[in-house]
>>> print(open('input-v2.pdb').read())   # PDB, C-alpha atoms
ATOM      1  CA  MET P 302     -21.096 -85.074 -26.284
ATOM      2  CA  PRO P 303     -23.040 -82.099 -24.921
ATOM      3  CA  ILE P 304     -21.360 -79.054 -23.423
ATOM      4  CA  TYR P 305     -22.314 -78.286 -19.819
ATOM      5  CA  PRO P 306     -22.538 -74.635 -18.671
ATOM      6  CA  LYS P 307     -21.097 -73.525 -15.359
ATOM      7  CA  ILE P 308     -23.181 -73.328 -12.222
ATOM      8  CA  LEU P 309     -24.970 -70.042 -11.436
ATOM      9  CA  LYS P 310     -24.190 -68.347  -8.116
ATOM     10  CA  LYS P 311     -25.592 -65.386  -6.237
ATOM     11  CA  GLY P 312     -23.667 -62.272  -7.154
ATOM     12  CA  ASP P 313     -23.209 -63.451 -10.746
ATOM     13  CA  LEU P 314     -23.976 -61.179 -13.672
ATOM     14  CA  VAL P 315     -27.114 -62.205 -15.595
ATOM     15  CA  GLY P 316     -27.801 -60.915 -19.090
ATOM     16  CA  LEU P 317     -31.428 -60.042 -19.837
ATOM     17  CA  VAL P 318     -32.431 -60.223 -23.515
ATOM     18  CA  ALA P 319     -35.617 -60.167 -25.614
ATOM     19  CA  PRO P 320     -34.907 -62.330 -28.680
ATOM     20  CA  ALA P 321     -38.567 -62.471 -29.701
ATOM     21  CA  SER P 322     -41.386 -60.090 -28.671
ATOM     22  CA  PRO P 323     -41.229 -57.098 -26.323
ATOM     23  CA  PRO P 324     -43.074 -57.126 -22.993
ATOM     24  CA  PHE P 325     -46.715 -56.063 -22.989
ATOM     25  CA  LYS P 326     -45.745 -53.078 -20.833
ATOM     26  CA  ALA P 327     -42.349 -51.364 -20.804
ATOM     27  CA  SER P 328     -42.570 -51.132 -17.007
ATOM     28  CA  TYR P 329     -42.285 -54.928 -16.811
ATOM     29  CA  ILE P 330     -38.589 -54.706 -17.663
ATOM     30  CA  ASP P 331     -37.712 -52.818 -14.493
ATOM     31  CA  LYS P 332     -39.903 -55.144 -12.449
ATOM     32  CA  VAL P 333     -38.113 -58.204 -13.827
ATOM     33  CA  ILE P 334     -34.718 -56.639 -13.118
ATOM     34  CA  SER P 335     -35.860 -55.858  -9.568
ATOM     35  CA  VAL P 336     -36.881 -59.482  -8.999
ATOM     36  CA  LEU P 337     -33.524 -60.786 -10.230
ATOM     37  CA  GLU P 338     -31.630 -58.291  -8.089
ATOM     38  CA  ARG P 339     -33.643 -59.320  -5.023
ATOM     39  CA  LYS P 340     -32.632 -62.891  -5.791
ATOM     40  CA  GLY P 341     -29.013 -61.803  -5.450
ATOM     41  CA  PHE P 342     -27.950 -61.348  -9.072
ATOM     42  CA  ARG P 343     -26.521 -58.407 -10.929
ATOM     43  CA  VAL P 344     -28.267 -57.662 -14.224
ATOM     44  CA  ILE P 345     -27.042 -56.293 -17.547
ATOM     45  CA  GLU P 346     -29.593 -55.337 -20.194
ATOM     46  CA  GLY P 347     -29.363 -56.196 -23.845
ATOM     47  CA  ARG P 348     -28.989 -53.032 -25.911
ATOM     48  CA  SER P 349     -32.320 -53.550 -27.668
ATOM     49  CA  LEU P 350     -34.192 -54.768 -24.589
ATOM     50  CA  ARG P 351     -36.377 -51.636 -24.501
ATOM     51  CA  LYS P 352     -36.877 -51.358 -28.251
ATOM     52  CA  ARG P 353     -39.926 -52.180 -30.362
ATOM     53  CA  HIS P 354     -40.057 -53.049 -34.019
ATOM     54  CA  GLY P 355     -43.676 -53.907 -34.731
ATOM     55  CA  PHE P 356     -44.378 -57.137 -32.835
ATOM     56  CA  LEU P 357     -40.658 -57.667 -32.254
ATOM     57  CA  ALA P 358     -38.251 -56.360 -29.608
ATOM     58  CA  GLY P 359     -36.014 -54.632 -32.133
ATOM     59  CA  THR P 360     -34.890 -55.652 -35.597
ATOM     60  CA  ASP P 361     -33.593 -59.151 -36.280
ATOM     61  CA  LYS P 362     -30.009 -57.878 -36.332
ATOM     62  CA  GLU P 363     -30.466 -56.016 -33.050
ATOM     63  CA  ARG P 364     -31.950 -59.007 -31.252
ATOM     64  CA  ALA P 365     -29.344 -61.414 -32.613
ATOM     65  CA  SER P 366     -26.576 -58.973 -31.705
ATOM     66  CA  ASP P 367     -27.895 -58.714 -28.143
ATOM     67  CA  LEU P 368     -27.817 -62.466 -27.717
ATOM     68  CA  MET P 369     -24.347 -62.846 -29.190
ATOM     69  CA  SER P 370     -23.016 -59.969 -27.086
ATOM     70  CA  MET P 371     -24.142 -61.782 -23.950
ATOM     71  CA  PHE P 372     -22.455 -65.016 -25.009
ATOM     72  CA  ALA P 373     -19.285 -63.114 -25.929
ATOM     73  CA  ASN P 374     -19.159 -61.221 -22.608
ATOM     74  CA  SER P 375     -17.016 -63.317 -20.258
ATOM     75  CA  LYS P 376     -18.467 -61.491 -17.230
ATOM     76  CA  VAL P 377     -22.001 -62.705 -18.006
ATOM     77  CA  LYS P 378     -22.640 -66.078 -16.361
ATOM     78  CA  ALA P 379     -26.235 -66.665 -17.500
ATOM     79  CA  ILE P 380     -28.660 -65.319 -20.083
ATOM     80  CA  PHE P 381     -32.346 -65.021 -19.186
ATOM     81  CA  CYS P 382     -34.994 -64.242 -21.800
ATOM     82  CA  LEU P 383     -37.423 -61.491 -20.877
ATOM     83  CA  ARG P 384     -40.347 -62.963 -22.803
ATOM     84  CA  GLY P 385     -41.304 -65.409 -25.541
ATOM     85  CA  GLY P 386     -43.936 -64.337 -28.049
ATOM     86  CA  TYR P 387     -42.646 -64.576 -31.598
ATOM     87  CA  GLY P 388     -39.459 -63.908 -33.525
ATOM     88  CA  CYS P 389     -36.712 -66.332 -32.487
ATOM     89  CA  GLY P 390     -36.941 -68.256 -35.731
ATOM     90  CA  ARG P 391     -36.042 -65.081 -37.626
ATOM     91  CA  ILE P 392     -32.616 -64.767 -35.989
ATOM     92  CA  LEU P 393     -31.355 -68.361 -36.157
ATOM     93  CA  SER P 394     -29.249 -67.739 -39.257
ATOM     94  CA  LEU P 395     -27.653 -64.660 -37.659
ATOM     95  CA  LEU P 396     -26.101 -66.420 -34.673
ATOM     96  CA  ASP P 397     -22.480 -67.559 -34.279
ATOM     97  CA  TYR P 398     -22.880 -71.112 -32.982
ATOM     98  CA  LYS P 399     -19.134 -71.708 -32.772
ATOM     99  CA  LEU P 400     -18.801 -68.738 -30.431
ATOM    100  CA  ILE P 401     -21.692 -70.075 -28.323
ATOM    101  CA  ALA P 402     -19.906 -73.426 -28.027
ATOM    102  CA  ARG P 403     -16.657 -71.682 -27.023
ATOM    103  CA  SER P 404     -18.433 -69.538 -24.414
ATOM    104  CA  PRO P 405     -20.903 -71.917 -22.747
ATOM    105  CA  LYS P 406     -23.257 -70.375 -20.215
ATOM    106  CA  ILE P 407     -26.757 -70.883 -18.892
ATOM    107  CA  PHE P 408     -29.486 -69.886 -21.350
ATOM    108  CA  LEU P 409     -33.063 -69.830 -19.999
ATOM    109  CA  GLY P 410     -36.504 -69.396 -21.552
ATOM    110  CA  PHE P 411     -39.514 -71.194 -23.031
ATOM    111  CA  SER P 412     -42.364 -70.870 -25.541
ATOM    112  CA  ASP P 413     -40.962 -69.203 -28.696
ATOM    113  CA  ILE P 414     -37.496 -69.584 -27.135
ATOM    114  CA  THR P 415     -37.873 -73.264 -28.117
ATOM    115  CA  ALA P 416     -36.471 -72.311 -31.540
ATOM    116  CA  LEU P 417     -33.243 -71.132 -29.898
ATOM    117  CA  HIS P 418     -33.017 -74.175 -27.626
ATOM    118  CA  MET P 419     -33.241 -76.472 -30.635
ATOM    119  CA  ALA P 420     -30.760 -74.506 -32.757
ATOM    120  CA  ILE P 421     -28.230 -74.212 -29.925
ATOM    121  CA  SER P 422     -28.571 -77.914 -29.158
ATOM    122  CA  LYS P 423     -28.065 -78.845 -32.810
ATOM    123  CA  LYS P 424     -25.313 -76.384 -33.728
ATOM    124  CA  SER P 425     -23.456 -75.765 -30.449
ATOM    125  CA  LYS P 426     -24.182 -78.918 -28.392
ATOM    126  CA  LEU P 427     -24.750 -76.673 -25.359
ATOM    127  CA  ILE P 428     -27.219 -77.763 -22.689
ATOM    128  CA  SER P 429     -29.806 -74.991 -22.308
ATOM    129  CA  PHE P 430     -32.769 -74.607 -19.996
ATOM    130  CA  HIS P 431     -36.488 -74.687 -20.746
ATOM    131  CA  GLY P 432     -38.027 -72.674 -17.943
ATOM    132  CA  PRO P 433     -39.591 -69.403 -16.820
ATOM    133  CA  VAL P 434     -38.945 -66.205 -18.740
ATOM    134  CA  GLY P 435     -38.418 -62.921 -16.938
ATOM    135  CA  THR P 436     -42.063 -61.867 -17.037
ATOM    136  CA  SER P 437     -43.030 -65.235 -15.523
ATOM    137  CA  LEU P 438     -40.614 -64.687 -12.640
ATOM    138  CA  MET P 439     -42.031 -61.178 -12.218
ATOM    139  CA  LYS P 440     -45.484 -62.661 -11.581
ATOM    140  CA  ASN P 441     -44.270 -65.650  -9.540
ATOM    141  CA  PRO P 442     -40.890 -64.823  -7.977
ATOM    142  CA  SER P 443     -41.029 -67.715  -5.505
ATOM    143  CA  GLY P 444     -42.542 -71.149  -5.152
ATOM    144  CA  PHE P 445     -42.246 -74.320  -7.211
ATOM    145  CA  SER P 446     -40.949 -72.806 -10.474
ATOM    146  CA  TRP P 447     -38.196 -70.821  -8.775
ATOM    147  CA  ASP P 448     -37.276 -73.794  -6.592
ATOM    148  CA  THR P 449     -36.732 -75.973  -9.672
ATOM    149  CA  LEU P 450     -34.671 -73.194 -11.244
ATOM    150  CA  GLU P 451     -32.405 -73.010  -8.189
ATOM    151  CA  ARG P 452     -32.118 -76.795  -7.986
ATOM    152  CA  THR P 453     -31.244 -77.096 -11.681
ATOM    153  CA  LEU P 454     -29.025 -74.036 -12.244
ATOM    154  CA  MET P 455     -27.495 -73.325  -8.844
ATOM    155  CA  SER P 456     -26.501 -76.769  -7.600
ATOM    156  CA  SER P 457     -23.921 -79.137  -9.031
ATOM    157  CA  ARG P 458     -25.930 -82.053  -7.696
ATOM    158  CA  ALA P 459     -28.438 -83.740  -9.973
ATOM    159  CA  PRO P 460     -31.866 -82.048  -9.691
ATOM    160  CA  GLY P 461     -33.477 -85.463  -9.271
ATOM    161  CA  SER P 462     -37.259 -85.769  -9.215
ATOM    162  CA  LEU P 463     -39.153 -83.060 -11.060
ATOM    163  CA  LEU P 464     -41.984 -83.438  -8.543
ATOM    164  CA  GLN P 465     -39.940 -82.330  -5.521
ATOM    165  CA  GLY P 466     -41.820 -79.602  -3.664
ATOM    166  CA  LEU P 467     -44.977 -80.013  -5.738
ATOM    167  CA  GLY P 468     -48.110 -80.299  -3.608
ATOM    168  CA  LYS P 469     -50.341 -83.341  -4.097
ATOM    169  CA  LYS P 470     -53.204 -81.205  -5.404
ATOM    170  CA  ASP P 471     -50.879 -79.907  -8.144
ATOM    171  CA  GLN P 472     -49.713 -83.374  -9.181
ATOM    172  CA  THR P 473     -51.895 -84.032 -12.214
ATOM    173  CA  LEU P 474     -49.865 -86.751 -13.897
ATOM    174  CA  GLU P 475     -51.729 -89.107 -16.194
ATOM    175  CA  VAL P 476     -50.248 -92.121 -17.944
ATOM    176  CA  ILE P 477     -51.070 -92.458 -21.629
ATOM    177  CA  ARG P 478     -48.727 -95.412 -22.097
ATOM    178  CA  ASN P 479     -46.850 -97.247 -19.362
ATOM    179  CA  GLY P 480     -43.128 -97.719 -19.400
ATOM    180  CA  GLU P 481     -39.743 -96.295 -18.507
ATOM    181  CA  ALA P 482     -37.176 -94.704 -20.791
ATOM    182  CA  THR P 483     -33.874 -92.868 -20.477
ATOM    183  CA  GLY P 484     -32.486 -90.394 -22.974
ATOM    184  CA  ARG P 485     -31.451 -86.821 -23.523
ATOM    185  CA  LEU P 486     -34.229 -84.243 -23.317
ATOM    186  CA  ILE P 487     -35.414 -82.425 -26.419
ATOM    187  CA  GLY P 488     -38.445 -80.315 -27.281
ATOM    188  CA  GLY P 489     -40.563 -77.452 -25.990
ATOM    189  CA  ASN P 490     -43.505 -75.695 -27.606
ATOM    190  CA  LEU P 491     -45.249 -77.928 -30.158
ATOM    191  CA  SER P 492     -46.009 -75.198 -32.728
ATOM    192  CA  VAL P 493     -42.451 -73.871 -32.651
ATOM    193  CA  LEU P 494     -41.023 -77.371 -32.954
ATOM    194  CA  ALA P 495     -43.227 -78.061 -35.978
ATOM    195  CA  ALA P 496     -42.047 -74.825 -37.601
ATOM    196  CA  SER P 497     -38.476 -76.149 -37.347
ATOM    197  CA  ILE P 498     -39.165 -79.302 -39.378
ATOM    198  CA  GLY P 499     -37.198 -79.264 -42.609
ATOM    199  CA  THR P 500     -34.698 -76.677 -41.359
ATOM    200  CA  ASP P 501     -31.099 -77.192 -40.309
ATOM    201  CA  TYR P 502     -31.952 -76.162 -36.741
ATOM    202  CA  LEU P 503     -33.773 -79.251 -35.461
ATOM    203  CA  PRO P 504     -31.661 -81.843 -33.615
ATOM    204  CA  SER P 505     -32.004 -85.586 -34.075
ATOM    205  CA  PHE P 506     -34.968 -87.159 -32.280
ATOM    206  CA  LYS P 507     -33.389 -90.612 -32.171
ATOM    207  CA  GLY P 508     -33.436 -92.047 -28.658
ATOM    208  CA  LYS P 509     -34.531 -88.727 -27.113
ATOM    209  CA  ILE P 510     -37.163 -87.964 -24.489
ATOM    210  CA  LEU P 511     -39.479 -85.463 -26.162
ATOM    211  CA  LEU P 512     -41.100 -82.611 -24.222
ATOM    212  CA  ILE P 513     -44.240 -81.027 -25.686
ATOM    213  CA  GLU P 514     -46.335 -78.148 -24.315
ATOM    214  CA  GLU P 515     -48.820 -75.826 -26.021
ATOM    215  CA  ILE P 516     -51.204 -72.888 -25.595
ATOM    216  CA  ASP P 517     -54.211 -71.587 -27.536
ATOM    217  CA  GLU P 518     -54.329 -74.344 -30.150
ATOM    218  CA  ARG P 519     -57.579 -76.186 -30.858
ATOM    219  CA  PRO P 520     -57.638 -80.017 -30.841
ATOM    220  CA  TYR P 521     -57.683 -80.236 -34.647
ATOM    221  CA  ALA P 522     -54.597 -77.983 -34.790
ATOM    222  CA  ILE P 523     -52.769 -80.161 -32.257
ATOM    223  CA  ASP P 524     -53.727 -83.181 -34.361
ATOM    224  CA  ARG P 525     -52.346 -81.463 -37.471
ATOM    225  CA  LEU P 526     -49.054 -80.645 -35.743
ATOM    226  CA  LEU P 527     -48.612 -84.165 -34.388
ATOM    227  CA  THR P 528     -49.557 -85.631 -37.757
ATOM    228  CA  GLN P 529     -46.801 -83.555 -39.348
ATOM    229  CA  PHE P 530     -44.294 -85.105 -36.943
ATOM    230  CA  LEU P 531     -45.674 -88.576 -37.602
ATOM    231  CA  ASN P 532     -45.562 -88.112 -41.368
ATOM    232  CA  THR P 533     -41.914 -87.078 -41.186
ATOM    233  CA  GLY P 534     -41.094 -90.112 -39.036
ATOM    234  CA  LEU P 535     -39.655 -87.994 -36.218
ATOM    235  CA  LEU P 536     -41.997 -89.154 -33.438
ATOM    236  CA  GLN P 537     -41.269 -92.771 -34.284
ATOM    237  CA  LYS P 538     -37.625 -92.198 -33.273
ATOM    238  CA  VAL P 539     -38.091 -90.987 -29.675
ATOM    239  CA  SER P 540     -37.704 -93.178 -26.582
ATOM    240  CA  GLY P 541     -40.418 -91.454 -24.575
ATOM    241  CA  ILE P 542     -42.759 -88.461 -24.549
ATOM    242  CA  MET P 543     -43.490 -86.080 -21.684
ATOM    243  CA  LEU P 544     -46.460 -83.766 -22.055
ATOM    244  CA  GLY P 545     -46.516 -80.476 -20.189
ATOM    245  CA  ALA P 546     -49.430 -78.069 -19.904
ATOM    246  CA  PHE P 547     -51.876 -77.622 -22.763
ATOM    247  CA  ILE P 548     -53.495 -74.305 -21.891
ATOM    248  CA  SER P 549     -56.775 -73.163 -23.539
ATOM    249  CA  CYS P 550     -56.512 -75.981 -26.063
ATOM    250  CA  ASP P 551     -60.058 -77.362 -25.942
ATOM    251  CA  HIS P 552     -62.735 -76.276 -28.388
ATOM    252  CA  PRO P 553     -64.996 -73.759 -26.562
ATOM    253  CA  SER P 554     -68.192 -75.388 -27.839
ATOM    254  CA  ASN P 555     -67.239 -78.973 -26.907
ATOM    255  CA  SER P 556     -69.519 -79.083 -23.877
ATOM    256  CA  LYS P 557     -72.485 -77.431 -25.639
ATOM    257  CA  SER P 558     -72.470 -78.960 -29.099
ATOM    258  CA  ARG P 559     -74.416 -82.126 -29.927
ATOM    259  CA  GLU P 560     -71.859 -82.840 -32.613
ATOM    260  CA  TYR P 561     -68.945 -84.920 -31.309
ATOM    261  CA  LYS P 562     -65.759 -82.928 -31.079
ATOM    262  CA  GLN P 563     -62.503 -84.420 -29.864
ATOM    263  CA  SER P 564     -60.769 -82.918 -26.861
ATOM    264  CA  TYR P 565     -57.048 -82.298 -27.013
ATOM    265  CA  GLU P 566     -56.658 -85.239 -24.584
ATOM    266  CA  ASP P 567     -58.445 -87.467 -27.119
ATOM    267  CA  VAL P 568     -55.986 -86.317 -29.776
ATOM    268  CA  LEU P 569     -52.954 -86.965 -27.577
ATOM    269  CA  TYR P 570     -54.117 -90.488 -26.768
ATOM    270  CA  GLU P 571     -54.990 -91.311 -30.369
ATOM    271  CA  ARG P 572     -51.802 -89.978 -31.955
ATOM    272  CA  LEU P 573     -49.247 -90.983 -29.308
ATOM    273  CA  TYR P 574     -50.330 -94.277 -27.715
ATOM    274  CA  SER P 575     -49.572 -96.356 -30.822
ATOM    275  CA  LEU P 576     -45.918 -95.251 -30.820
ATOM    276  CA  GLY P 577     -45.222 -97.938 -28.235
ATOM    277  CA  VAL P 578     -43.067 -95.729 -25.967
ATOM    278  CA  PRO P 579     -43.794 -94.348 -22.477
ATOM    279  CA  VAL P 580     -46.037 -91.279 -22.634
ATOM    280  CA  LEU P 581     -46.708 -89.232 -19.492
ATOM    281  CA  LYS P 582     -49.148 -86.318 -19.443
ATOM    282  CA  GLY P 583     -49.588 -83.436 -17.000
ATOM    283  CA  LEU P 584     -46.029 -82.496 -16.103
ATOM    284  CA  PRO P 585     -45.721 -79.014 -14.515
ATOM    285  CA  ILE P 586     -44.107 -77.371 -17.535
ATOM    286  CA  GLY P 587     -45.445 -74.686 -19.870
ATOM    287  CA  HIS P 588     -47.671 -71.602 -19.976
ATOM    288  CA  GLN P 589     -48.850 -71.703 -16.368
ATOM    289  CA  ASP P 590     -47.710 -70.724 -12.880
ATOM    290  CA  LEU P 591     -46.147 -74.156 -12.345
ATOM    291  CA  ASN P 592     -43.394 -74.072 -14.955
ATOM    292  CA  ALA P 593     -40.419 -76.189 -13.974
ATOM    293  CA  CYS P 594     -36.898 -75.533 -15.233
ATOM    294  CA  VAL P 595     -35.642 -78.563 -17.180
ATOM    295  CA  PRO P 596     -32.343 -78.974 -19.085
ATOM    296  CA  ILE P 597     -32.552 -79.438 -22.855
ATOM    297  CA  GLY P 598     -29.799 -81.863 -23.876
ATOM    298  CA  ALA P 599     -29.246 -83.413 -20.439
ATOM    299  CA  LYS P 600     -30.063 -87.006 -19.534
ATOM    300  CA  VAL P 601     -33.440 -87.706 -17.945
ATOM    301  CA  ARG P 602     -35.383 -90.819 -16.966
ATOM    302  CA  LEU P 603     -39.094 -90.822 -17.728
ATOM    303  CA  CYS P 604     -41.227 -93.103 -15.549
ATOM    304  CA  ALA P 605     -44.848 -93.594 -16.610
ATOM    305  CA  GLY P 606     -46.698 -95.987 -14.350
ATOM    306  CA  ARG P 607     -47.442 -96.567 -10.677
ATOM    307  CA  LYS P 608     -44.639 -94.198  -9.627
ATOM    308  CA  SER P 609     -44.683 -91.674 -12.460
ATOM    309  CA  ASP P 610     -41.941 -89.048 -12.430
ATOM    310  CA  LEU P 611     -39.151 -87.405 -14.389
ATOM    311  CA  ILE P 612     -35.684 -87.901 -12.930
ATOM    312  CA  ILE P 613     -33.147 -85.316 -14.099
ATOM    313  CA  GLU P 614     -29.375 -85.783 -14.103
ATOM    314  CA  GLU P 615     -26.906 -82.950 -13.426
ATOM    315  CA  ALA P 616     -26.882 -80.212 -16.063
ATOM    316  CA  VAL P 617     -24.295 -77.698 -14.802
ATOM    317  CA  VAL P 618     -20.681 -77.964 -13.653
ATOM    318  CA  ARG P 619     -18.674 -76.176 -10.988
ATOM    319  CA  ASP P 620     -16.082 -73.553 -11.913
TER     320      ASP P 620
END
>>> encode(input="input-v2.pdb", output="structure tokens")
Amino acid sequence: MPIYPKILKKGDLVGLVAPASPPFKASYIDKVISVLERKGFRVIEGRSLRKRHGFLAGTDKERASDLMSMFANSKVKAIFCLRGGYGCGRILSLLDYKLIARSPKIFLGFSDITALHMAISKKSKLISFHGPVGTSLMKNPSGFSWDTLERTLMSSRAPGSLLQGLGKKDQTLEVIRNGEATGRLIGGNLSVLAASIGTDYLPSFKGKILLIEEIDERPYAIDRLLTQFLNTGLLQKVSGIMLGAFISCDHPSNSKSREYKQSYEDVLYERLYSLGVPVLKGLPIGHQDLNACVPIGAKVRLCAGRKSDLIIEEAVVRD
């Protein structure tokens, strides 16, 4: 059974860490902290939060130590990632998953943070949260994404419909295959998920609802990644697939070339329809302003049809 973290409240201490890449500008750190403080939280920085080690926010040991220090600190009630980027896969073997299971708390992030979500789900059984990183909240401190974060992390009631508060013009759902399925949520960034195949850090896909989002990958690359999952038999085990945003994933010459080139939508239809499970495209999750907070490891119901939606069960518990 999964472990549920405790509800987040205003006044709680939030740990801010950078387990992958540093921010593009050092000044972003203070801006993110300011946003969180205005939201009513106290913030503690990871010791290596302001460090740089090439394209990483500190050495592997420093970044892993920051994360473990936050889990070990009983005063910290939630851990927010400053940014994604690259580097989480490098620290997976340095984490104490038994300690994480003994000290459950909210862990939030997306993109490269997918590697940590999967490892924590597999090794610690802790429900974690795929949602905005600190730099995302800096740019969009209110609106749909923050509302879903509050509804998911700060209420003991089930978040319910993912589409709550989403304007009609922003509802871009498209059914690839009709149906309804219930299961625990797994997934995140497609490239990061694929990099986890064959490691000891990828949870079982059996009976799960799989989330996939991506950025800056051409259609042939998306096809290659999905083919890898198909060849391993992992996709054939899921109960349903929910597709978030695929940002800048079309070939730039598609509209100009006389040669036929598949769009990423063509690839998704071709590779996923034949699985025979519900597939819903266009959910507000991923590398865009509309980036909902969803609980990895919690139960969800995927509805792909006339009333398409994602219904989310409770993912946090009261003190």
>>> closest_residue(input="input-v2.pdb", among="P:Leu531, P:Leu350, P:Leu395, P:Val318", to="Leu368 (chain P)", atoms="all atoms listed in the file")
P:Val318
>>> atom_distance(input="input-v2.pdb", atom1="CA of Lys311 (chain P)", atom2="CA of Lys340 (chain P)")
7.5 Å
>>> resolve_selection(input="input-v2.pdb", expression="the PyMOL selection byres ((chain P and resi 552) around 9)", output="number ranges by chain")
P: 518-521, 549-551, 553-556, 562-565
>>> write_last_selection(input="input-v2.pdb", atoms="C-alpha atoms", output="mmCIF file, in the frame of the given file")
data_model
loop_
_atom_site.group_PDB
_atom_site.id
_atom_site.type_symbol
_atom_site.label_atom_id
_atom_site.label_comp_id
_atom_site.auth_asym_id
_atom_site.auth_seq_id
_atom_site.Cartn_x
_atom_site.Cartn_y
_atom_site.Cartn_z
ATOM 1 C CA GLU P 518 -54.329 -74.344 -30.150
ATOM 2 C CA ARG P 519 -57.579 -76.186 -30.858
ATOM 3 C CA PRO P 520 -57.638 -80.017 -30.841
ATOM 4 C CA TYR P 521 -57.683 -80.236 -34.647
ATOM 5 C CA SER P 549 -56.775 -73.163 -23.539
ATOM 6 C CA CYS P 550 -56.512 -75.981 -26.063
ATOM 7 C CA ASP P 551 -60.058 -77.362 -25.942
ATOM 8 C CA PRO P 553 -64.996 -73.759 -26.562
ATOM 9 C CA SER P 554 -68.192 -75.388 -27.839
ATOM 10 C CA ASN P 555 -67.239 -78.973 -26.907
ATOM 11 C CA SER P 556 -69.519 -79.083 -23.877
ATOM 12 C CA LYS P 562 -65.759 -82.928 -31.079
ATOM 13 C CA GLN P 563 -62.503 -84.420 -29.864
ATOM 14 C CA SER P 564 -60.769 -82.918 -26.861
ATOM 15 C CA TYR P 565 -57.048 -82.298 -27.013
#
>>> closest_residue(input="input-v2.pdb", among="P:Ile613, P:Val434, P:Ile597, P:Ala459", to="Ala420 (chain P)", atoms="all atoms listed in the file")
P:Ile597
>>> resolve_selection(input="input-v2.pdb", expression="the PyMOL selection byres ((chain P and resi 607-609) around 12)", output="ChimeraX atom specification")
/P:462-464,472-482,543,579-584,602-606,610-612
>>> residues_around(input="input-v2.pdb", residues="Ser394 (chain P)", least_positions_apart="3", cutoff="10 Å", atoms="all atoms listed in the file", output="list in words")
Ala365, Gly390, Arg391, Asp397, Tyr398, Ala420, Asp501 and Tyr502 of chain P
>>> atom_distance(input="input-v2.pdb", atom1="CA of Asn490 (chain P)", atom2="CA of Glu515 (chain P)")
5.5 Å
>>> resolve_selection(input="input-v2.pdb", expression="the PyMOL selection byres ((chain P and resi 341-348) around 6)", output="ChimeraX atom specification")
/P:311-318,337-340,349-350,367
>>> atom_distance(input="input-v2.pdb", atom1="CA of Ser492 (chain P)", atom2="CA of Ser437 (chain P)")
20.1 Å
>>> closest_residue(input="input-v2.pdb", among="P:Phe506, P:Phe445, P:Tyr570, P:Phe547", to="Asp590 (chain P)", atoms="only C-alpha atoms")
P:Phe445
>>> closest_residue(input="input-v2.pdb", among="P:Ser335, P:Gln465, P:Asn374, P:Ser412", to="Ala321 (chain P)", atoms="only C-alpha atoms")
P:Ser412
>>> closest_residue(input="input-v2.pdb", among="P:Arg353, P:Arg572, P:His431, P:Arg364", to="Lys326 (chain P)", atoms="all atoms listed in the file")
P:Arg353
>>> residues_around(input="input-v2.pdb", residues="Leu454 (chain P)", least_positions_apart="4", cutoff="8 Å", atoms="all atoms listed in the file", output="list in words")
Ile308, Leu309, Ile407, Leu450, Ala616 and Val617 of chain P
>>> closest_residue(input="input-v2.pdb", among="P:Ser456, P:Ser505, P:Thr449, P:Thr483", to="Lys600 (chain P)", atoms="all atoms listed in the file")
P:Thr483
>>> residues_around(input="input-v2.pdb", residues="Tyr305 (chain P)", least_positions_apart="4", cutoff="10 Å", atoms="only C-alpha atoms", output="tab-separated table (two decimals) with C-alpha atoms, keeping the file's coordinate frame")
chain	number	residue	atom	x	y	z
P	402	ALA	CA	-19.91	-73.43	-28.03
P	405	PRO	CA	-20.90	-71.92	-22.75
P	406	LYS	CA	-23.26	-70.38	-20.22
P	407	ILE	CA	-26.76	-70.88	-18.89
P	426	LYS	CA	-24.18	-78.92	-28.39
P	427	LEU	CA	-24.75	-76.67	-25.36
P	428	ILE	CA	-27.22	-77.76	-22.69
P	429	SER	CA	-29.81	-74.99	-22.31
P	598	GLY	CA	-29.80	-81.86	-23.88
P	599	ALA	CA	-29.25	-83.41	-20.44
P	615	GLU	CA	-26.91	-82.95	-13.43
P	616	ALA	CA	-26.88	-80.21	-16.06
P	617	VAL	CA	-24.30	-77.70	-14.80
P	618	VAL	CA	-20.68	-77.96	-13.65
P	619	ARG	CA	-18.67	-76.18	-10.99
>>> axis_aligned_box(input="input-v2.pdb", around="region 596-610 of chain P", padding_each_side="6 Å", output="JSON")
{"center_x": -38.3, "center_y": -87.8, "center_z": -16.8, "size_x": 30.2, "size_y": 29.6, "size_z": 26.2}
>>> build_atoms(input="input-v2.pdb", residues="region 307-312 of chain P", atoms="N, CA and C atoms", output="tab-separated table (two decimals), in the frame of the given file")
chain	number	residue	atom	x	y	z
P	307	LYS	N	-21.52	-73.60	-16.76
P	307	LYS	CA	-21.10	-73.53	-15.36
P	307	LYS	C	-22.27	-73.14	-14.46
P	308	ILE	N	-22.17	-73.57	-13.23
P	308	ILE	CA	-23.18	-73.33	-12.22
P	308	ILE	C	-23.41	-71.82	-12.02
P	309	LEU	N	-24.63	-71.44	-11.71
P	309	LEU	CA	-24.97	-70.04	-11.44
P	309	LEU	C	-24.92	-69.80	-9.94
P	310	LYS	N	-24.31	-68.68	-9.53
P	310	LYS	CA	-24.19	-68.35	-8.12
P	310	LYS	C	-24.75	-66.96	-7.85
P	311	LYS	N	-25.16	-66.73	-6.63
P	311	LYS	CA	-25.59	-65.39	-6.24
P	311	LYS	C	-24.41	-64.43	-6.38
P	312	GLY	N	-24.71	-63.24	-6.88
P	312	GLY	CA	-23.67	-62.27	-7.15
P	312	GLY	C	-23.21	-62.29	-8.60
